[in-house]
Amino acid sequence: MEDDAPPRTGTGVPGTSVRFRCGHGAPVDEARITLQRQCPLCMLLAETRRTRDQLLHRVAPAGRAALAVETRIGADYEWICVRGHSRYSASVREVLTGPGCPKCRRNAQAPAARFEGGVPFMKPGLRLGTSQTEQRLRVMLAERIRLPHRVNAIKISRTFFGKPEVWPDIIIPGLMVAIEYDDPGRDGMSHRGLKETSDREKDAALNEVGWEVIRLRANGLHELGPYSIVCPALSSGVVDRIMELLMQIRGVEAVDRLRIRPEDGPDSREG
Ligand SMILES: [Zn+2]
Ligand SMILES: [Zn+2]
């Protein structure tokens, strides 16, 4: 690193002493504290399902060495636009969660993108990691109301992790309500910290295009958003509560139109 380069926290500069489980931060012999979690940058990479290698391919060559050991998501670098526009300066966070260079950003905000906001659609090949609980929730809910199987994404009027759409766990187009099942996971860390921030951003993006979000907050997670159901685990009582919230959000009549009645055969479930 040149003498006039700005000091980079956590990359071995004297005076910084935090080391992370991922190996980034202060060198072993200088670390006063070793945190048993990944550095913020590695956490955001994991959340956005990217690798550091992929990020390194997008930075201008002069920044590559520093970015290889960077821990801060707010650090600014010079980047090469993946769509071939001009180089641009932005923080790691903006690059990982935003639409790209300033020109890409303007394109994402174009009237065409705004016009489609709120439209649900099928994105093929998405959501490989649907959990068993999410599937069980879908089955339990499908016993009460008609759920379409042909949509898994909703167009938004901004970008979320660089995409003009979000992929909620369950989508009810007839009510414009999305349902998310949040569980802290085996490591107890999912849906906390940065994930909570991105959950809030996802809700805001959906609210902007007219959708409401019901969040099941299981296994110790606290409320998030106006329609949270805090519960130890998924149960039929939780599904009762979802039905109540749907009626509260869109009215009894709107929910009744989707309701499955005993006289309906299984054939009439497709929405
Ligand atoms: Zn790291
Ligand atoms: Zn661009």
# chains A, B, ... in the order shown; residues from 1 in each chain; ligands from 1
$ residues_around --residues "A:Val59" --least-positions-apart "3" --cutoff "6 Å" --atoms "only C-alpha atoms" --output "PyMOL selection string"
chain A and resi 56+79-80
$ residues_near_ligand --ligand "ligand 2" --cutoff "10 Å" --atoms "only C-alpha atoms and all ligand atoms" --output "VMD selection string"
chain A and resid 79 to 88 99 to 107
$ write_last_selection --atoms "C-alpha atoms" --output "CSV table (one decimal), in the first residue's frame"
chain,number,residue,atom,x,y,z
A,79,TRP,CA,-15.8,-0.1,-10.3
A,80,ILE,CA,-16.3,-1.3,-13.8
A,81,CYS,CA,-19.9,-1.5,-14.9
A,82,VAL,CA,-21.0,-5.0,-15.9
A,83,ARG,CA,-23.1,-3.6,-18.7
A,84,GLY,CA,-20.1,-1.7,-20.2
A,85,HIS,CA,-21.0,1.8,-19.0
A,86,SER,CA,-18.3,4.2,-17.6
A,87,ARG,CA,-16.3,3.4,-14.5
A,88,TYR,CA,-17.8,4.7,-11.4
A,99,PRO,CA,-28.7,-1.5,-9.6
A,100,GLY,CA,-25.1,-0.7,-10.7
A,101,CYS,CA,-23.5,2.4,-12.2
A,102,PRO,CA,-25.3,5.8,-12.3
A,103,LYS,CA,-26.5,5.0,-15.8
A,104,CYS,CA,-27.8,1.5,-14.8
A,105,ARG,CA,-29.6,3.2,-11.8
A,106,ARG,CA,-31.3,5.7,-14.2
A,107,ASN,CA,-32.4,2.8,-16.4
$ closest_residue --among "A:Ile229, A:Val18, A:Ile145, A:Cys39" --to "ligand 1" --atoms "only C-alpha atoms and all ligand atoms"
A:Cys39
$ select_by_dssp --residues "stretch 57-137 of chain A" --states "strand (DSSP E or B)" --output "count of residues only"
11
$ residues_near_ligand --ligand "ligand 1" --cutoff "8 Å" --atoms "only C-alpha atoms and all ligand atoms" --output "ChimeraX atom specification"
/A:20-25,38-43,69-71
$ residues_around --residues "A:Pro168" --least-positions-apart "2" --cutoff "10 Å" --atoms "only C-alpha atoms" --output "PyMOL selection string"
chain A and resi 127+152-154+165-166+170-171+177-181+202-203+206+213
$ write_last_selection --atoms "N, CA and C atoms" --output "compact mmCIF listing (two decimals), in the first residue's frame"
# COMPACT_ATOMS: atom_id res chain seq x y z
N ARG A 127 -35.52 -19.79 -6.26
CA ARG A 127 -35.79 -20.33 -4.93
C ARG A 127 -35.53 -21.83 -4.86
N ASN A 152 -43.91 -16.51 -8.41
CA ASN A 152 -42.96 -16.61 -7.30
C ASN A 152 -42.15 -15.32 -7.13
N ALA A 153 -42.47 -14.29 -7.92
CA ALA A 153 -41.73 -13.03 -7.81
C ALA A 153 -42.68 -11.86 -8.04
N ILE A 154 -42.31 -10.69 -7.54
CA ILE A 154 -43.12 -9.48 -7.71
C ILE A 154 -42.22 -8.37 -8.21
N GLU A 165 -37.01 -6.89 -8.70
CA GLU A 165 -38.07 -7.79 -8.23
C GLU A 165 -37.69 -8.33 -6.85
N VAL A 166 -38.69 -8.84 -6.16
CA VAL A 166 -38.42 -9.56 -4.91
C VAL A 166 -39.11 -10.92 -4.98
N ILE A 170 -44.36 -16.67 0.08
CA ILE A 170 -45.69 -16.97 -0.43
C ILE A 170 -46.31 -15.69 -0.97
N ILE A 171 -46.94 -15.79 -2.13
CA ILE A 171 -47.54 -14.63 -2.78
C ILE A 171 -49.03 -14.88 -2.94
N VAL A 177 -50.90 -9.50 -0.99
CA VAL A 177 -50.22 -9.71 0.29
C VAL A 177 -49.15 -10.79 0.10
N ALA A 178 -47.96 -10.52 0.61
CA ALA A 178 -46.88 -11.51 0.60
C ALA A 178 -46.68 -12.01 2.02
N ILE A 179 -46.32 -13.29 2.15
CA ILE A 179 -46.08 -13.86 3.47
C ILE A 179 -44.64 -14.36 3.53
N GLU A 180 -43.95 -13.98 4.58
CA GLU A 180 -42.56 -14.40 4.76
C GLU A 180 -42.46 -15.23 6.04
N TYR A 181 -41.74 -16.34 5.96
CA TYR A 181 -41.47 -17.12 7.15
C TYR A 181 -40.02 -16.87 7.57
N LYS A 202 -36.93 -4.90 1.87
CA LYS A 202 -37.80 -5.70 1.01
C LYS A 202 -39.27 -5.32 1.25
N ASP A 203 -39.65 -5.16 2.54
CA ASP A 203 -41.02 -4.75 2.87
C ASP A 203 -41.32 -3.38 2.28
N LEU A 206 -41.99 -3.57 -1.38
CA LEU A 206 -43.32 -4.13 -1.66
C LEU A 206 -44.42 -3.11 -1.34
N VAL A 213 -47.02 -7.00 3.68
CA VAL A 213 -46.24 -8.18 4.02
C VAL A 213 -46.63 -8.66 5.41
$ closest_residue --among "A:Arg150, A:Val92, A:Gly98, A:Ser228" --to "A:Lys123" --atoms "only C-alpha atoms"
A:Arg150
$ select_by_dssp --residues "stretch 125-238 of chain A" --states "helix (DSSP H, G or I)" --output "list in words"
Gln132, Thr133, Glu134, Gln135, Arg136, Leu137, Arg138, Val139, Met140, Leu141, Ala142, Leu194, Lys195, Glu196, Thr197, Ser198, Asp199, Arg200, Glu201, Lys202, Asp203, Ala204, Ala205, Leu206, Asn207, Glu208, Ser236, Gly237 and Val238 of chain A
$ write_last_selection --atoms "N, CA and C atoms" --output "PDB file, in the first residue's frame"
ATOM      1  N   GLN A 132     -38.475 -26.760   4.359  1.00  0.00           N
ATOM      2  CA  GLN A 132     -39.612 -27.639   4.618  1.00  0.00           C
ATOM      3  C   GLN A 132     -40.733 -26.893   5.324  1.00  0.00           C
ATOM      4  N   THR A 133     -40.344 -25.980   6.232  1.00  0.00           N
ATOM      5  CA  THR A 133     -41.371 -25.227   6.949  1.00  0.00           C
ATOM      6  C   THR A 133     -42.148 -24.335   6.000  1.00  0.00           C
ATOM      7  N   GLU A 134     -41.445 -23.704   5.060  1.00  0.00           N
ATOM      8  CA  GLU A 134     -42.142 -22.874   4.077  1.00  0.00           C
ATOM      9  C   GLU A 134     -43.123 -23.715   3.261  1.00  0.00           C
ATOM     10  N   GLN A 135     -42.688 -24.907   2.893  1.00  0.00           N
ATOM     11  CA  GLN A 135     -43.578 -25.784   2.121  1.00  0.00           C
ATOM     12  C   GLN A 135     -44.792 -26.193   2.954  1.00  0.00           C
ATOM     13  N   ARG A 136     -44.557 -26.465   4.248  1.00  0.00           N
ATOM     14  CA  ARG A 136     -45.655 -26.861   5.134  1.00  0.00           C
ATOM     15  C   ARG A 136     -46.638 -25.695   5.304  1.00  0.00           C
ATOM     16  N   LEU A 137     -46.090 -24.480   5.430  1.00  0.00           N
ATOM     17  CA  LEU A 137     -46.932 -23.295   5.554  1.00  0.00           C
ATOM     18  C   LEU A 137     -47.811 -23.147   4.315  1.00  0.00           C
ATOM     19  N   ARG A 138     -47.204 -23.367   3.135  1.00  0.00           N
ATOM     20  CA  ARG A 138     -47.962 -23.257   1.887  1.00  0.00           C
ATOM     21  C   ARG A 138     -49.106 -24.276   1.861  1.00  0.00           C
ATOM     22  N   VAL A 139     -48.810 -25.503   2.268  1.00  0.00           N
ATOM     23  CA  VAL A 139     -49.824 -26.554   2.270  1.00  0.00           C
ATOM     24  C   VAL A 139     -50.957 -26.200   3.245  1.00  0.00           C
ATOM     25  N   MET A 140     -50.572 -25.739   4.465  1.00  0.00           N
ATOM     26  CA  MET A 140     -51.589 -25.410   5.475  1.00  0.00           C
ATOM     27  C   MET A 140     -52.457 -24.244   5.022  1.00  0.00           C
ATOM     28  N   LEU A 141     -51.824 -23.257   4.391  1.00  0.00           N
ATOM     29  CA  LEU A 141     -52.567 -22.084   3.939  1.00  0.00           C
ATOM     30  C   LEU A 141     -53.467 -22.438   2.755  1.00  0.00           C
ATOM     31  N   ALA A 142     -52.985 -23.351   1.910  1.00  0.00           N
ATOM     32  CA  ALA A 142     -53.751 -23.761   0.720  1.00  0.00           C
ATOM     33  C   ALA A 142     -55.001 -24.538   1.103  1.00  0.00           C
ATOM     34  N   LEU A 194     -27.725  -7.501   9.587  1.00  0.00           N
ATOM     35  CA  LEU A 194     -27.862  -7.028   8.208  1.00  0.00           C
ATOM     36  C   LEU A 194     -29.098  -7.608   7.549  1.00  0.00           C
ATOM     37  N   LYS A 195     -29.427  -8.867   7.886  1.00  0.00           N
ATOM     38  CA  LYS A 195     -30.588  -9.502   7.268  1.00  0.00           C
ATOM     39  C   LYS A 195     -31.861  -8.770   7.662  1.00  0.00           C
ATOM     40  N   GLU A 196     -31.910  -8.312   8.914  1.00  0.00           N
ATOM     41  CA  GLU A 196     -33.099  -7.579   9.345  1.00  0.00           C
ATOM     42  C   GLU A 196     -33.245  -6.295   8.531  1.00  0.00           C
ATOM     43  N   THR A 197     -32.110  -5.614   8.287  1.00  0.00           N
ATOM     44  CA  THR A 197     -32.142  -4.403   7.467  1.00  0.00           C
ATOM     45  C   THR A 197     -32.653  -4.728   6.068  1.00  0.00           C
ATOM     46  N   SER A 198     -32.189  -5.821   5.489  1.00  0.00           N
ATOM     47  CA  SER A 198     -32.632  -6.138   4.133  1.00  0.00           C
ATOM     48  C   SER A 198     -34.088  -6.597   4.132  1.00  0.00           C
ATOM     49  N   ASP A 199     -34.539  -7.264   5.216  1.00  0.00           N
ATOM     50  CA  ASP A 199     -35.964  -7.604   5.329  1.00  0.00           C
ATOM     51  C   ASP A 199     -36.822  -6.333   5.317  1.00  0.00           C
ATOM     52  N   ARG A 200     -36.377  -5.314   6.053  1.00  0.00           N
ATOM     53  CA  ARG A 200     -37.114  -4.044   6.084  1.00  0.00           C
ATOM     54  C   ARG A 200     -37.143  -3.385   4.707  1.00  0.00           C
ATOM     55  N   GLU A 201     -36.013  -3.444   4.011  1.00  0.00           N
ATOM     56  CA  GLU A 201     -35.955  -2.852   2.662  1.00  0.00           C
ATOM     57  C   GLU A 201     -36.886  -3.586   1.710  1.00  0.00           C
ATOM     58  N   LYS A 202     -36.930  -4.899   1.868  1.00  0.00           N
ATOM     59  CA  LYS A 202     -37.804  -5.702   1.014  1.00  0.00           C
ATOM     60  C   LYS A 202     -39.268  -5.316   1.250  1.00  0.00           C
ATOM     61  N   ASP A 203     -39.649  -5.161   2.539  1.00  0.00           N
ATOM     62  CA  ASP A 203     -41.018  -4.750   2.869  1.00  0.00           C
ATOM     63  C   ASP A 203     -41.323  -3.384   2.277  1.00  0.00           C
ATOM     64  N   ALA A 204     -40.371  -2.441   2.395  1.00  0.00           N
ATOM     65  CA  ALA A 204     -40.587  -1.084   1.879  1.00  0.00           C
ATOM     66  C   ALA A 204     -40.777  -1.129   0.366  1.00  0.00           C
ATOM     67  N   ALA A 205     -39.976  -1.961  -0.320  1.00  0.00           N
ATOM     68  CA  ALA A 205     -40.086  -2.077  -1.781  1.00  0.00           C
ATOM     69  C   ALA A 205     -41.463  -2.617  -2.167  1.00  0.00           C
ATOM     70  N   LEU A 206     -41.993  -3.568  -1.380  1.00  0.00           N
ATOM     71  CA  LEU A 206     -43.317  -4.132  -1.663  1.00  0.00           C
ATOM     72  C   LEU A 206     -44.417  -3.115  -1.338  1.00  0.00           C
ATOM     73  N   ASN A 207     -44.271  -2.408  -0.198  1.00  0.00           N
ATOM     74  CA  ASN A 207     -45.254  -1.395   0.182  1.00  0.00           C
ATOM     75  C   ASN A 207     -45.388  -0.331  -0.905  1.00  0.00           C
ATOM     76  N   GLU A 208     -44.269   0.061  -1.494  1.00  0.00           N
ATOM     77  CA  GLU A 208     -44.264   1.090  -2.539  1.00  0.00           C
ATOM     78  C   GLU A 208     -45.152   0.733  -3.722  1.00  0.00           C
ATOM     79  N   SER A 236     -51.309 -24.586  13.462  1.00  0.00           N
ATOM     80  CA  SER A 236     -52.564 -24.182  12.833  1.00  0.00           C
ATOM     81  C   SER A 236     -53.052 -22.873  13.446  1.00  0.00           C
ATOM     82  N   GLY A 237     -52.679 -22.603  14.702  1.00  0.00           N
ATOM     83  CA  GLY A 237     -53.022 -21.325  15.317  1.00  0.00           C
ATOM     84  C   GLY A 237     -52.378 -20.162  14.580  1.00  0.00           C
ATOM     85  N   VAL A 238     -51.170 -20.387  14.092  1.00  0.00           N
ATOM     86  CA  VAL A 238     -50.476 -19.353  13.317  1.00  0.00           C
ATOM     87  C   VAL A 238     -51.228 -19.084  12.009  1.00  0.00           C
TER      88      VAL A 238
END
$ closest_residue --among "A:Asp256, A:Glu78, A:Glu47, A:Asp240" --to "A:Ser91" --atoms "only C-alpha atoms"
A:Glu78
$ atom_distance --atom1 "atom CA of A:Gly193" --atom2 "atom CA of A:Thr97"
15.6 Å
$ closest_residue --among "A:Ala26, A:Gly162, A:Pro232, A:Gly210" --to "A:Pro184" --atoms "only C-alpha atoms"
A:Pro232
$ closest_atom_pairs --of "stretch 132-169 of chain A" --to "stretch 48-53 of chain A" --cutoff "12 Å" --atoms "only C-alpha atoms" --output "JSON lines"
{"residue": "A:Phe160", "atom": "CA", "partner": "A:Thr48", "partner_atom": "CA", "distance": 9.8}
{"residue": "A:Phe161", "atom": "CA", "partner": "A:Thr48", "partner_atom": "CA", "distance": 6.4}
{"residue": "A:Gly162", "atom": "CA", "partner": "A:Thr48", "partner_atom": "CA", "distance": 9.1}
{"residue": "A:Lys163", "atom": "CA", "partner": "A:Thr48", "partner_atom": "CA", "distance": 10.9}
$ atom_distance --atom1 "atom CA of A:Ile249" --atom2 "atom CA of A:Leu175"
8.7 Å
$ atom_distance --atom1 "atom CA of A:Arg58" --atom2 "atom CA of A:Tyr77"
10.1 Å
